file coords-v8.pdb (PDB, C-alpha atoms)
MODEL        1
ATOM      1  CA  MET A1094       0.000   0.000   0.000
ATOM      2  CA  PHE A1095       1.318   3.463  -0.743
ATOM      3  CA  ASP A1096       0.238   6.566   1.054
ATOM      4  CA  SER A1097      -0.483   9.959  -0.439
ATOM      5  CA  PRO A1098      -0.349  13.549   0.805
ATOM      6  CA  PHE A1099      -3.381  14.393  -1.254
ATOM      7  CA  ARG A1100      -6.175  13.148   0.935
ATOM      8  CA  PRO A1101      -8.703  15.850   1.886
ATOM      9  CA  LYS A1102      -7.450  17.910   4.830
ATOM     10  CA  ARG A1103     -10.884  18.232   6.290
ATOM     11  CA  PRO A1104     -13.689  15.722   6.717
ATOM     12  CA  PRO A1105     -16.552  15.616   4.219
ATOM     13  CA  SER A1106     -19.269  18.160   4.761
ATOM     14  CA  ALA A1107     -22.279  17.128   6.780
ATOM     15  CA  CYS A1108     -24.423  17.121   3.634
ATOM     16  CA  ALA A1109     -22.076  14.652   1.973
ATOM     17  CA  LEU A1110     -22.536  12.198   4.845
ATOM     18  CA  LEU A1111     -26.327  12.206   4.758
ATOM     19  CA  PRO A1112     -28.268   9.541   2.854
ATOM     20  CA  ALA A1113     -29.975  10.741  -0.294
ATOM     21  CA  ALA A1114     -33.417  10.248   1.224
ATOM     22  CA  VAL A1115     -32.489  12.510   4.125
ATOM     23  CA  LEU A1116     -31.165  15.190   1.796
ATOM     24  CA  LEU A1117     -34.435  15.118  -0.083
ATOM     25  CA  ALA A1118     -36.398  15.411   3.137
ATOM     26  CA  LEU A1119     -34.306  18.392   4.233
ATOM     27  CA  ALA A1120     -35.128  20.464   1.152
ATOM     28  CA  PRO A1121     -35.951  24.005   2.341
ATOM     29  CA  PRO A1122     -39.654  24.804   2.614
ATOM     30  CA  ALA A1123     -39.156  27.609   0.104
ATOM     31  CA  PHE A1124     -38.839  24.973  -2.620
ATOM     32  CA  ALA A1125     -42.395  23.871  -2.097
ATOM     33  CA  GLN A1126     -43.560  27.466  -2.417
ATOM     34  CA  ALA A1127     -41.489  28.349  -5.475
ATOM     35  CA  SER A1128     -43.815  29.227  -8.313
ATOM     36  CA  TRP A1129     -41.494  29.746 -11.303
ATOM     37  CA  HIS A1130     -42.011  27.338 -14.163
ATOM     38  CA  PRO A1131     -41.239  27.652 -17.874
ATOM     39  CA  ASP A1132     -43.864  28.602 -20.431
ATOM     40  CA  ARG A1133     -41.871  27.289 -23.403
ATOM     41  CA  PRO A1134     -39.407  24.393 -24.037
ATOM     42  CA  VAL A1135     -36.266  24.123 -21.903
ATOM     43  CA  THR A1136     -32.911  22.930 -23.264
ATOM     44  CA  LEU A1137     -30.757  20.752 -21.017
ATOM     45  CA  VAL A1138     -27.225  20.721 -22.430
ATOM     46  CA  VAL A1139     -25.041  17.660 -21.833
ATOM     47  CA  PRO A1140     -21.477  18.623 -22.856
ATOM     48  CA  TYR A1141     -20.458  15.009 -23.542
ATOM     49  CA  SER A1142     -21.382  12.319 -26.041
ATOM     50  CA  ALA A1143     -24.509  10.224 -25.635
ATOM     51  CA  GLY A1144     -24.118   6.970 -23.740
ATOM     52  CA  GLY A1145     -22.256   8.137 -20.645
ATOM     53  CA  GLY A1146     -23.401   8.747 -17.099
ATOM     54  CA  THR A1147     -24.153  12.436 -17.604
ATOM     55  CA  ASP A1148     -26.362  11.670 -20.579
ATOM     56  CA  ALA A1149     -28.182   8.871 -18.730
ATOM     57  CA  THR A1150     -28.870  11.145 -15.775
ATOM     58  CA  ALA A1151     -30.143  13.944 -17.995
ATOM     59  CA  ARG A1152     -32.556  11.647 -19.784
ATOM     60  CA  ALA A1153     -33.752  10.149 -16.509
ATOM     61  CA  VAL A1154     -35.029  13.481 -15.226
ATOM     62  CA  SER A1155     -35.872  15.451 -18.375
ATOM     63  CA  LYS A1156     -39.016  13.491 -19.188
ATOM     64  CA  GLN A1157     -40.446  13.905 -15.702
ATOM     65  CA  LEU A1158     -39.544  17.597 -15.609
ATOM     66  CA  GLY A1159     -41.517  17.935 -18.826
ATOM     67  CA  VAL A1160     -44.505  16.321 -17.138
ATOM     68  CA  ILE A1161     -44.237  18.626 -14.120
ATOM     69  CA  TRP A1162     -43.719  21.777 -16.159
ATOM     70  CA  LYS A1163     -46.031  20.769 -19.007
ATOM     71  CA  GLN A1164     -43.261  21.888 -21.357
ATOM     72  CA  PRO A1165     -40.704  19.785 -23.284
ATOM     73  CA  VAL A1166     -37.256  19.484 -21.725
ATOM     74  CA  VAL A1167     -34.921  18.702 -24.609
ATOM     75  CA  VAL A1168     -31.602  16.978 -23.887
ATOM     76  CA  GLU A1169     -28.933  18.186 -26.286
ATOM     77  CA  ASN A1170     -25.497  16.521 -26.443
ATOM     78  CA  VAL A1171     -22.791  19.061 -27.317
ATOM     79  CA  PRO A1172     -19.426  17.307 -26.800
ATOM     80  CA  GLY A1173     -15.934  18.648 -27.384
ATOM     81  CA  ALA A1174     -13.018  20.450 -25.723
ATOM     82  CA  ASP A1175     -13.331  18.522 -22.443
ATOM     83  CA  GLY A1176     -16.939  19.592 -22.131
ATOM     84  CA  LEU A1177     -16.224  23.281 -22.689
ATOM     85  CA  ILE A1178     -18.101  23.617 -25.994
ATOM     86  CA  GLY A1179     -21.431  22.630 -24.474
ATOM     87  CA  THR A1180     -20.636  24.388 -21.218
ATOM     88  CA  ARG A1181     -19.811  27.619 -23.019
ATOM     89  CA  ARG A1182     -23.178  27.540 -24.719
ATOM     90  CA  VAL A1183     -24.843  27.752 -21.316
ATOM     91  CA  MET A1184     -22.332  30.293 -20.011
ATOM     92  CA  GLU A1185     -23.355  32.594 -22.866
ATOM     93  CA  ALA A1186     -27.097  31.912 -22.686
ATOM     94  CA  LYS A1187     -29.681  34.303 -21.315
ATOM     95  CA  PRO A1188     -30.044  33.783 -17.544
ATOM     96  CA  ASP A1189     -33.745  33.000 -17.632
ATOM     97  CA  GLY A1190     -33.923  29.294 -16.792
ATOM     98  CA  TYR A1191     -34.508  28.095 -20.358
ATOM     99  CA  THR A1192     -30.957  26.872 -21.045
ATOM    100  CA  LEU A1193     -29.467  24.628 -18.388
ATOM    101  CA  LEU A1194     -26.306  22.529 -18.084
ATOM    102  CA  LEU A1195     -25.705  19.122 -16.556
ATOM    103  CA  GLN A1196     -22.046  18.755 -15.627
ATOM    104  CA  VAL A1197     -19.704  16.589 -13.571
ATOM    105  CA  PRO A1198     -16.732  17.411 -11.297
ATOM    106  CA  SER A1199     -14.371  17.848 -14.264
ATOM    107  CA  ILE A1200     -15.791  21.345 -14.634
ATOM    108  CA  VAL A1201     -13.638  22.439 -11.697
ATOM    109  CA  VAL A1202     -10.389  21.758 -13.607
ATOM    110  CA  THR A1203     -11.357  23.279 -16.955
ATOM    111  CA  LYS A1204      -9.352  26.406 -16.192
ATOM    112  CA  TYR A1205      -6.190  24.288 -15.825
ATOM    113  CA  THR A1206      -6.583  22.505 -19.161
ATOM    114  CA  PRO A1207      -4.002  23.593 -21.764
ATOM    115  CA  GLY A1208      -5.522  24.986 -24.930
ATOM    116  CA  LEU A1209      -8.617  26.296 -23.169
ATOM    117  CA  LYS A1210      -6.936  29.616 -22.332
ATOM    118  CA  GLY A1211      -7.701  29.507 -18.639
ATOM    119  CA  VAL A1212     -11.460  29.790 -19.110
ATOM    120  CA  ASP A1213     -13.187  29.257 -15.760
ATOM    121  CA  PRO A1214     -16.794  28.165 -16.380
ATOM    122  CA  LEU A1215     -17.620  28.405 -12.685
ATOM    123  CA  ALA A1216     -17.157  32.172 -12.841
ATOM    124  CA  ARG A1217     -20.019  32.401 -15.338
ATOM    125  CA  LEU A1218     -22.405  29.777 -14.023
ATOM    126  CA  GLU A1219     -24.788  29.460 -11.096
ATOM    127  CA  PRO A1220     -24.710  26.104  -9.272
ATOM    128  CA  VAL A1221     -28.349  25.037  -8.979
ATOM    129  CA  THR A1222     -28.369  21.554  -7.454
ATOM    130  CA  ALA A1223     -26.839  18.122  -7.566
ATOM    131  CA  VAL A1224     -29.303  15.812  -9.320
ATOM    132  CA  SER A1225     -27.712  12.478  -8.479
ATOM    133  CA  GLN A1226     -24.363  11.085  -7.476
ATOM    134  CA  SER A1227     -22.435   7.853  -7.655
ATOM    135  CA  PRO A1228     -18.927   6.795  -6.740
ATOM    136  CA  ALA A1229     -16.429   6.681  -9.557
ATOM    137  CA  ALA A1230     -14.834   3.304 -10.177
ATOM    138  CA  VAL A1231     -11.724   1.495 -11.341
ATOM    139  CA  VAL A1232     -12.915  -0.368 -14.447
ATOM    140  CA  VAL A1233     -10.895  -2.751 -16.622
ATOM    141  CA  SER A1234     -11.456  -5.024 -19.579
ATOM    142  CA  ALA A1235     -12.719  -8.489 -18.648
ATOM    143  CA  LYS A1236     -10.040  -9.848 -20.975
ATOM    144  CA  LEU A1237      -7.302  -8.916 -18.481
ATOM    145  CA  PRO A1238      -6.108 -11.666 -16.100
ATOM    146  CA  VAL A1239      -6.691  -9.585 -12.951
ATOM    147  CA  LYS A1240      -9.282  -9.573 -10.176
ATOM    148  CA  THR A1241      -8.150  -6.690  -7.935
ATOM    149  CA  PHE A1242      -6.768  -3.180  -8.268
ATOM    150  CA  GLY A1243      -3.462  -4.370  -6.846
ATOM    151  CA  GLU A1244      -3.292  -7.221  -9.365
ATOM    152  CA  PHE A1245      -3.894  -4.774 -12.183
ATOM    153  CA  ILE A1246      -0.958  -2.615 -11.075
ATOM    154  CA  ARG A1247       1.290  -5.654 -10.770
ATOM    155  CA  TYR A1248       0.150  -6.865 -14.186
ATOM    156  CA  CYS A1249       1.039  -3.511 -15.760
ATOM    157  CA  LYS A1250       4.519  -3.608 -14.240
ATOM    158  CA  THR A1251       5.312  -6.920 -15.948
ATOM    159  CA  ALA A1252       3.173  -6.885 -19.113
ATOM    160  CA  ALA A1253       4.988  -7.072 -22.442
ATOM    161  CA  GLN A1254       3.051  -4.045 -23.700
ATOM    162  CA  PRO A1255       2.470  -0.876 -21.639
ATOM    163  CA  CYS A1256      -0.969  -0.676 -20.089
ATOM    164  CA  SER A1257      -3.389   1.971 -21.318
ATOM    165  CA  LEU A1258      -5.958   4.088 -19.505
ATOM    166  CA  GLY A1259      -8.864   5.826 -21.209
ATOM    167  CA  THR A1260     -10.069   9.222 -19.997
ATOM    168  CA  GLY A1261     -13.151  11.150 -21.044
ATOM    169  CA  GLU A1262     -12.652  14.234 -18.928
ATOM    170  CA  ALA A1263      -9.964  16.217 -17.140
ATOM    171  CA  THR A1264     -10.304  14.857 -13.603
ATOM    172  CA  ALA A1265      -9.729  11.341 -14.917
ATOM    173  CA  ARG A1266      -6.534  12.527 -16.616
ATOM    174  CA  VAL A1267      -5.308  13.958 -13.318
ATOM    175  CA  SER A1268      -6.056  10.605 -11.658
ATOM    176  CA  ALA A1269      -4.206   8.828 -14.478
ATOM    177  CA  LYS A1270      -1.098  10.939 -13.870
ATOM    178  CA  GLN A1271      -1.387  10.338 -10.154
ATOM    179  CA  LEU A1272      -1.642   6.581 -10.733
ATOM    180  CA  ALA A1273       1.370   6.548 -13.040
ATOM    181  CA  ALA A1274       3.486   8.489 -10.535
ATOM    182  CA  GLU A1275       2.407   6.867  -7.288
ATOM    183  CA  ALA A1276       2.014   3.270  -8.456
ATOM    184  CA  GLY A1277       5.266   3.268 -10.388
ATOM    185  CA  LEU A1278       3.802   2.972 -13.889
ATOM    186  CA  PRO A1279       5.863   5.501 -15.879
ATOM    187  CA  ASN A1280       4.945   3.854 -19.198
ATOM    188  CA  LEU A1281       1.180   4.050 -18.651
ATOM    189  CA  ILE A1282      -0.423   5.246 -21.892
ATOM    190  CA  VAL A1283      -3.242   7.756 -21.387
ATOM    191  CA  VAL A1284      -5.765   7.820 -24.245
ATOM    192  CA  ASN A1285      -8.143  10.780 -24.341
ATOM    193  CA  TYR A1286     -11.727  10.315 -25.547
ATOM    194  CA  ARG A1287     -14.627  12.668 -26.149
ATOM    195  CA  GLY A1288     -16.980  10.722 -23.893
ATOM    196  CA  THR A1289     -17.397   7.705 -21.643
ATOM    197  CA  GLY A1290     -19.374   5.628 -24.139
ATOM    198  CA  ALA A1291     -16.410   5.254 -26.493
ATOM    199  CA  ILE A1292     -14.107   4.317 -23.598
ATOM    200  CA  VAL A1293     -16.471   1.543 -22.539
ATOM    201  CA  THR A1294     -16.628   0.184 -26.090
ATOM    202  CA  ASP A1295     -12.839   0.095 -26.343
ATOM    203  CA  MET A1296     -12.421  -1.447 -22.895
ATOM    204  CA  ILE A1297     -14.804  -4.264 -23.810
ATOM    205  CA  ALA A1298     -12.578  -4.985 -26.835
ATOM    206  CA  ASN A1299      -9.451  -4.437 -24.678
ATOM    207  CA  ASN A1300      -8.247  -1.746 -27.062
ATOM    208  CA  VAL A1301      -7.762   0.278 -23.890
ATOM    209  CA  ASN A1302      -7.205  -1.576 -20.623
ATOM    210  CA  MET A1303      -8.597   0.568 -17.830
ATOM    211  CA  ALA A1304     -10.480   3.719 -16.862
ATOM    212  CA  PHE A1305     -11.390   5.787 -13.844
ATOM    213  CA  THR A1306     -15.014   6.504 -14.619
ATOM    214  CA  GLY A1307     -18.458   6.761 -13.109
ATOM    215  CA  ILE A1308     -20.092   3.374 -12.639
ATOM    216  CA  THR A1309     -23.199   4.380 -14.607
ATOM    217  CA  ALA A1310     -21.901   3.502 -18.059
ATOM    218  CA  ALA A1311     -19.915   0.470 -16.900
ATOM    219  CA  LEU A1312     -22.534  -1.216 -14.723
ATOM    220  CA  PRO A1313     -24.539  -3.111 -17.399
ATOM    221  CA  HIS A1314     -21.333  -4.396 -18.982
ATOM    222  CA  TYR A1315     -20.019  -5.442 -15.576
ATOM    223  CA  LYS A1316     -23.211  -7.411 -15.031
ATOM    224  CA  SER A1317     -22.858  -9.053 -18.441
ATOM    225  CA  GLY A1318     -19.241  -9.990 -17.753
ATOM    226  CA  ALA A1319     -17.724  -7.779 -20.455
ATOM    227  CA  LEU A1320     -16.017  -5.465 -17.945
ATOM    228  CA  LYS A1321     -14.578  -5.829 -14.448
ATOM    229  CA  ILE A1322     -15.075  -3.216 -11.747
ATOM    230  CA  LEU A1323     -12.087  -3.677  -9.443
ATOM    231  CA  ALA A1324     -13.004  -1.017  -6.900
ATOM    232  CA  THR A1325     -15.390   1.846  -6.308
ATOM    233  CA  GLN A1326     -14.078   5.217  -5.154
ATOM    234  CA  GLY A1327     -16.584   6.298  -2.537
ATOM    235  CA  SER A1328     -16.135   6.350   1.233
ATOM    236  CA  LYS A1329     -18.271   3.203   1.474
ATOM    237  CA  ARG A1330     -19.224   0.383  -0.872
ATOM    238  CA  ALA A1331     -21.694   1.328  -3.577
ATOM    239  CA  ALA A1332     -25.233   0.130  -2.924
ATOM    240  CA  ALA A1333     -25.390  -1.200  -6.498
ATOM    241  CA  LEU A1334     -22.095  -3.105  -6.053
ATOM    242  CA  PRO A1335     -21.906  -4.383  -2.476
ATOM    243  CA  GLU A1336     -19.483  -7.127  -3.522
ATOM    244  CA  VAL A1337     -16.914  -4.659  -4.888
ATOM    245  CA  PRO A1338     -14.405  -3.161  -2.416
ATOM    246  CA  THR A1339     -13.666   0.536  -2.150
ATOM    247  CA  THR A1340     -10.283   1.840  -3.241
ATOM    248  CA  ALA A1341      -9.470   2.330   0.453
ATOM    249  CA  GLU A1342     -10.238  -1.325   1.132
ATOM    250  CA  ALA A1343      -8.084  -2.240  -1.869
ATOM    251  CA  GLY A1344      -5.142  -0.350  -0.366
ATOM    252  CA  TYR A1345      -5.332   2.839  -2.429
ATOM    253  CA  PRO A1346      -7.319   5.377  -0.355
ATOM    254  CA  GLN A1347      -5.999   8.388  -2.262
ATOM    255  CA  PHE A1348      -8.086   7.394  -5.293
ATOM    256  CA  ARG A1349     -11.346   8.575  -3.769
ATOM    257  CA  SER A1350     -13.867  10.219  -6.062
ATOM    258  CA  VAL A1351     -17.618  10.706  -6.037
ATOM    259  CA  THR A1352     -19.173  11.764  -9.319
ATOM    260  CA  TRP A1353     -21.994  14.229  -8.894
ATOM    261  CA  PHE A1354     -24.230  15.096 -11.795
ATOM    262  CA  GLY A1355     -24.939  18.750 -11.172
ATOM    263  CA  LEU A1356     -27.267  21.274 -12.726
ATOM    264  CA  PHE A1357     -25.952  24.740 -13.574
ATOM    265  CA  ALA A1358     -27.593  27.864 -14.983
ATOM    266  CA  PRO A1359     -26.042  30.991 -16.541
ATOM    267  CA  LYS A1360     -24.638  33.519 -14.066
ATOM    268  CA  GLY A1361     -27.254  36.006 -13.024
ATOM    269  CA  THR A1362     -30.196  33.621 -13.137
ATOM    270  CA  PRO A1363     -32.663  34.992 -10.543
ATOM    271  CA  PRO A1364     -32.962  33.046  -7.267
ATOM    272  CA  ALA A1365     -36.701  32.615  -7.853
ATOM    273  CA  VAL A1366     -35.900  30.767 -11.083
ATOM    274  CA  THR A1367     -33.246  28.493  -9.570
ATOM    275  CA  GLN A1368     -35.537  27.723  -6.639
ATOM    276  CA  GLY A1369     -38.309  26.854  -9.069
ATOM    277  CA  ILE A1370     -35.977  24.495 -10.919
ATOM    278  CA  VAL A1371     -34.933  22.805  -7.675
ATOM    279  CA  ALA A1372     -38.565  22.477  -6.608
ATOM    280  CA  ALA A1373     -39.387  20.705  -9.871
ATOM    281  CA  LEU A1374     -36.371  18.409  -9.582
ATOM    282  CA  HIS A1375     -37.299  17.628  -6.005
ATOM    283  CA  GLU A1376     -40.608  16.333  -7.325
ATOM    284  CA  ALA A1377     -39.104  14.679 -10.405
ATOM    285  CA  VAL A1378     -36.782  12.398  -8.435
ATOM    286  CA  LYS A1379     -39.723  11.114  -6.396
ATOM    287  CA  ASP A1380     -41.105   9.489  -9.536
ATOM    288  CA  ALA A1381     -40.735   5.710  -9.392
ATOM    289  CA  ASP A1382     -39.424   5.458 -12.948
ATOM    290  CA  VAL A1383     -36.832   8.169 -12.348
ATOM    291  CA  GLN A1384     -35.698   6.501  -9.140
ATOM    292  CA  GLN A1385     -35.436   3.145 -10.893
ATOM    293  CA  THR A1386     -33.463   4.618 -13.772
ATOM    294  CA  ILE A1387     -31.016   6.345 -11.445
ATOM    295  CA  ALA A1388     -30.686   3.301  -9.179
ATOM    296  CA  SER A1389     -30.133   0.931 -12.095
ATOM    297  CA  ALA A1390     -27.254   3.155 -13.150
ATOM    298  CA  GLY A1391     -25.686   2.741  -9.712
ATOM    299  CA  ALA A1392     -26.458   6.286  -8.587
ATOM    300  CA  GLU A1393     -28.606   7.963  -5.937
ATOM    301  CA  PRO A1394     -30.896  10.957  -6.318
ATOM    302  CA  VAL A1395     -29.562  13.946  -4.378
ATOM    303  CA  VAL A1396     -31.418  17.224  -4.701
ATOM    304  CA  ASN A1397     -29.831  19.890  -2.510
ATOM    305  CA  ALA A1398     -30.181  23.653  -2.203
ATOM    306  CA  PRO A1399     -28.147  25.959  -4.484
ATOM    307  CA  ALA A1400     -25.979  27.100  -1.554
ATOM    308  CA  ALA A1401     -25.243  23.515  -0.511
ATOM    309  CA  PHE A1402     -24.342  22.493  -4.042
ATOM    310  CA  ALA A1403     -22.147  25.588  -4.458
ATOM    311  CA  ALA A1404     -20.257  24.575  -1.303
ATOM    312  CA  GLN A1405     -19.818  21.050  -2.678
ATOM    313  CA  VAL A1406     -18.406  22.447  -5.932
ATOM    314  CA  ARG A1407     -15.981  24.721  -4.025
ATOM    315  CA  GLU A1408     -14.769  21.780  -1.950
ATOM    316  CA  ASP A1409     -14.014  19.725  -5.057
ATOM    317  CA  SER A1410     -12.396  22.731  -6.708
ATOM    318  CA  GLU A1411      -9.963  23.190  -3.811
ATOM    319  CA  ARG A1412      -9.074  19.493  -3.721
ATOM    320  CA  MET A1413      -8.449  19.280  -7.470
ATOM    321  CA  ALA A1414      -6.441  22.510  -7.496
ATOM    322  CA  ALA A1415      -3.963  20.886  -5.092
ATOM    323  CA  LEU A1416      -3.703  17.784  -7.296
ATOM    324  CA  VAL A1417      -3.296  19.740 -10.534
ATOM    325  CA  LYS A1418      -0.315  21.582  -9.040
ATOM    326  CA  LEU A1419       1.415  18.228  -8.640
ATOM    327  CA  TYR A1420       0.067  16.556 -11.775
ATOM    328  CA  PRO A1421      -0.447  19.319 -14.365
ATOM    329  CA  LEU A1422      -2.665  18.640 -17.337
ATOM    330  CA  ASP A1423      -1.028  18.637 -20.754
TER     331      ASP A1423
ENDMDL
END
call {"tool": "encode", "arguments": {"input": "coords-v8.pdb", "output": "structure tokens"}}
result
Amino acid sequence: MFDSPFRPKRPPSACALLPAAVLLALAPPAFAQASWHPDRPVTLVVPYSAGGGTDATARAVSKQLGVIWKQPVVVENVPGADGLIGTRRVMEAKPDGYTLLLQVPSIVVTKYTPGLKGVDPLARLEPVTAVSQSPAAVVVSAKLPVKTFGEFIRYCKTAAQPCSLGTGEATARVSAKQLAAEAGLPNLIVVNYRGTGAIVTDMIANNVNMAFTGITAALPHYKSGALKILATQGSKRAAALPEVPTTAEAGYPQFRSVTWFGLFAPKGTPPAVTQGIVAALHEAVKDADVQQTIASAGAEPVVNAPAAFAAQVREDSERMAALVKLYPLD
């Protein structure tokens, strides 16, 4: 086991320790009283390719939001530039609630990504709420002769060909660099993709060996035997994968990561609008079909207040800033 100086210096926030059902129950009373709702179609931008966890989450809630609002909620995939192309569309949209963004923690490292000119999306977006969350996972091709995270690392140290790791967003690339440095895998090949779906396809074929990714896209292929999930990266075992150890249990506690799927609006969106959106989402995730869709993807519904979600984003931003200083993106 190797240790790391990059563990969080403070314990998780109280909100992060609460079960999803409790978070839902603690929604401020103002949500129930919020009256804003759209009177024309709403666009929900997913800045990644179809088939990944962000896309699945968006589609799980958009239909029910449409029912609640009696207006279509159109999911639009706009991939490219580590999610910045779709994100920028929302950054530049009118702050009226009609153009929304579903993003993941990689948004906090966009400003460190070379070629993106230091653009900080968080400076031009309003955090609205986390919609759902799931632990990230260590996923490998089922064609590899390994059963544990430790076995995978040992395999890569002796394999005739260098091991490869697919990444679909910036935080995964930081984790890849951290793995290469701390596990002693200097020849690890990092392959960048435009979305999780393509990584999963290539892992099934063993064209790329491994990925740090949300469990949403990998779960059905794990159940079919086409992929192996060696560990999950939450503080406790994932409810959808009770048989799979955490990275801490596997001896690698520094690889801890929870993927939230968070809703953002353009900067300047009025509080009454964001509260109306949260109120609708609070109702949407109570729907049995939505809950089943989220649960089957290995995630939990988590609808929190804008201030609570903003604090969660800041916490992740501070943690990733420390890692990026040690493992710069290139």
call {"tool": "closest_residue", "arguments": {"input": "coords-v8.pdb", "among": "A:Ala1291, A:Ala1274, A:Cys1256, A:Ala1186", "to": "Leu1419 (chain A)", "atoms": "all atoms listed in the file"}}
result
A:Ala1274
call {"tool": "closest_residue", "arguments": {"input": "coords-v8.pdb", "among": "A:Leu1177, A:Val1371, A:Val1135, A:Val1366", "to": "Gly1208 (chain A)", "atoms": "only C-alpha atoms"}}
result
A:Leu1177
call {"tool": "closest_residue", "arguments": {"input": "coords-v8.pdb", "among": "A:Ala1414, A:Val1301, A:Val1231, A:Leu1137", "to": "Pro1255 (chain A)", "atoms": "only C-alpha atoms"}}
result
A:Val1301
call {"tool": "closest_atom_pairs", "arguments": {"input": "coords-v8.pdb", "of": "region 1120-1213 of chain A", "to": "region 1259-1262 of chain A", "cutoff": "12 Å", "atoms": "all atoms listed in the file", "output": "tab-separated table"}}
result
residue	atom	partner	partner_atom	distance
A:Pro1140	CA	A:Glu1262	CA	10.6
A:Tyr1141	CA	A:Gly1261	CA	8.6
A:Ser1142	CA	A:Gly1261	CA	9.7
A:Gly1145	CA	A:Gly1261	CA	9.6
A:Gly1146	CA	A:Gly1261	CA	11.2
A:Thr1147	CA	A:Gly1261	CA	11.6
A:Pro1172	CA	A:Gly1261	CA	10.5
A:Gly1173	CA	A:Glu1262	CA	10.1
A:Ala1174	CA	A:Glu1262	CA	9.2
A:Asp1175	CA	A:Glu1262	CA	5.6
A:Gly1176	CA	A:Glu1262	CA	7.6
A:Leu1177	CA	A:Glu1262	CA	10.4
A:Gln1196	CA	A:Glu1262	CA	10.9
A:Val1197	CA	A:Glu1262	CA	9.2
A:Pro1198	CA	A:Glu1262	CA	9.2
A:Ser1199	CA	A:Glu1262	CA	6.1
A:Ile1200	CA	A:Glu1262	CA	8.9
A:Val1201	CA	A:Glu1262	CA	11.0
A:Val1202	CA	A:Glu1262	CA	9.5
A:Thr1203	CA	A:Glu1262	CA	9.3
A:Thr1206	CA	A:Glu1262	CA	10.3
call {"tool": "resolve_selection", "arguments": {"input": "coords-v8.pdb", "expression": "the PyMOL selection byres ((chain A and resi 1235) around 8)", "output": "number ranges by chain"}}
result
A: 1233-1234, 1236-1238, 1297, 1299, 1318-1321
call {"tool": "atom_distance", "arguments": {"input": "coords-v8.pdb", "atom1": "CA of Met1303 (chain A)", "atom2": "CA of Gly1243 (chain A)"}}
result
13.1 Å
call {"tool": "atom_distance", "arguments": {"input": "coords-v8.pdb", "atom1": "CA of Asp1213 (chain A)", "atom2": "CA of Ser1328 (chain A)"}}
result
28.7 Å
call {"tool": "resolve_selection", "arguments": {"input": "coords-v8.pdb", "expression": "the PyMOL selection byres ((chain A and resi 1215) around 10)", "output": "list in words"}}
result
Thr1180, Met1184, Ile1200, Val1201, Val1202, Thr1203, Lys1204, Val1212, Asp1213, Pro1214, Ala1216, Arg1217, Leu1218, Glu1219, Pro1220, Phe1357, Pro1359, Lys1360, Ala1403, Val1406, Arg1407 and Ser1410 of chain A
call {"tool": "residues_around", "arguments": {"input": "coords-v8.pdb", "residues": "Gln1271 (chain A)", "least_positions_apart": "4", "cutoff": "8 Å", "atoms": "all atoms listed in the file", "output": "PDB file with C-alpha atoms, in the coordinates of the input"}}
result
ATOM      1  CA  VAL A1267      -5.308  13.958 -13.318  1.00  0.00           C
ATOM      2  CA  GLU A1275       2.407   6.867  -7.288  1.00  0.00           C
ATOM      3  CA  TYR A1420       0.067  16.556 -11.775  1.00  0.00           C
TER       4      TYR A1420
END
call {"tool": "closest_residue", "arguments": {"input": "coords-v8.pdb", "among": "A:Ile1246, A:Leu1209, A:Ala1372, A:Ala1229", "to": "Ala1265 (chain A)", "atoms": "only C-alpha atoms"}}
result
A:Ala1229
call {"tool": "decode", "arguments": {"input": "coords-v8.pdb", "residues": "region 1259-1278 of chain A", "atoms": "C-alpha atoms", "output": "tab-separated table (two decimals), in the first residue's frame"}}
result
chain	number	residue	atom	x	y	z
A	1259	GLY	CA	-8.86	5.83	-21.21
A	1260	THR	CA	-10.07	9.22	-20.00
A	1261	GLY	CA	-13.15	11.15	-21.04
A	1262	GLU	CA	-12.65	14.23	-18.93
A	1263	ALA	CA	-9.96	16.22	-17.14
A	1264	THR	CA	-10.30	14.86	-13.60
A	1265	ALA	CA	-9.73	11.34	-14.92
A	1266	ARG	CA	-6.53	12.53	-16.62
A	1267	VAL	CA	-5.31	13.96	-13.32
A	1268	SER	CA	-6.06	10.61	-11.66
A	1269	ALA	CA	-4.21	8.83	-14.48
A	1270	LYS	CA	-1.10	10.94	-13.87
A	1271	GLN	CA	-1.39	10.34	-10.15
A	1272	LEU	CA	-1.64	6.58	-10.73
A	1273	ALA	CA	1.37	6.55	-13.04
A	1274	ALA	CA	3.49	8.49	-10.53
A	1275	GLU	CA	2.41	6.87	-7.29
A	1276	ALA	CA	2.01	3.27	-8.46
A	1277	GLY	CA	5.27	3.27	-10.39
A	1278	LEU	CA	3.80	2.97	-13.89
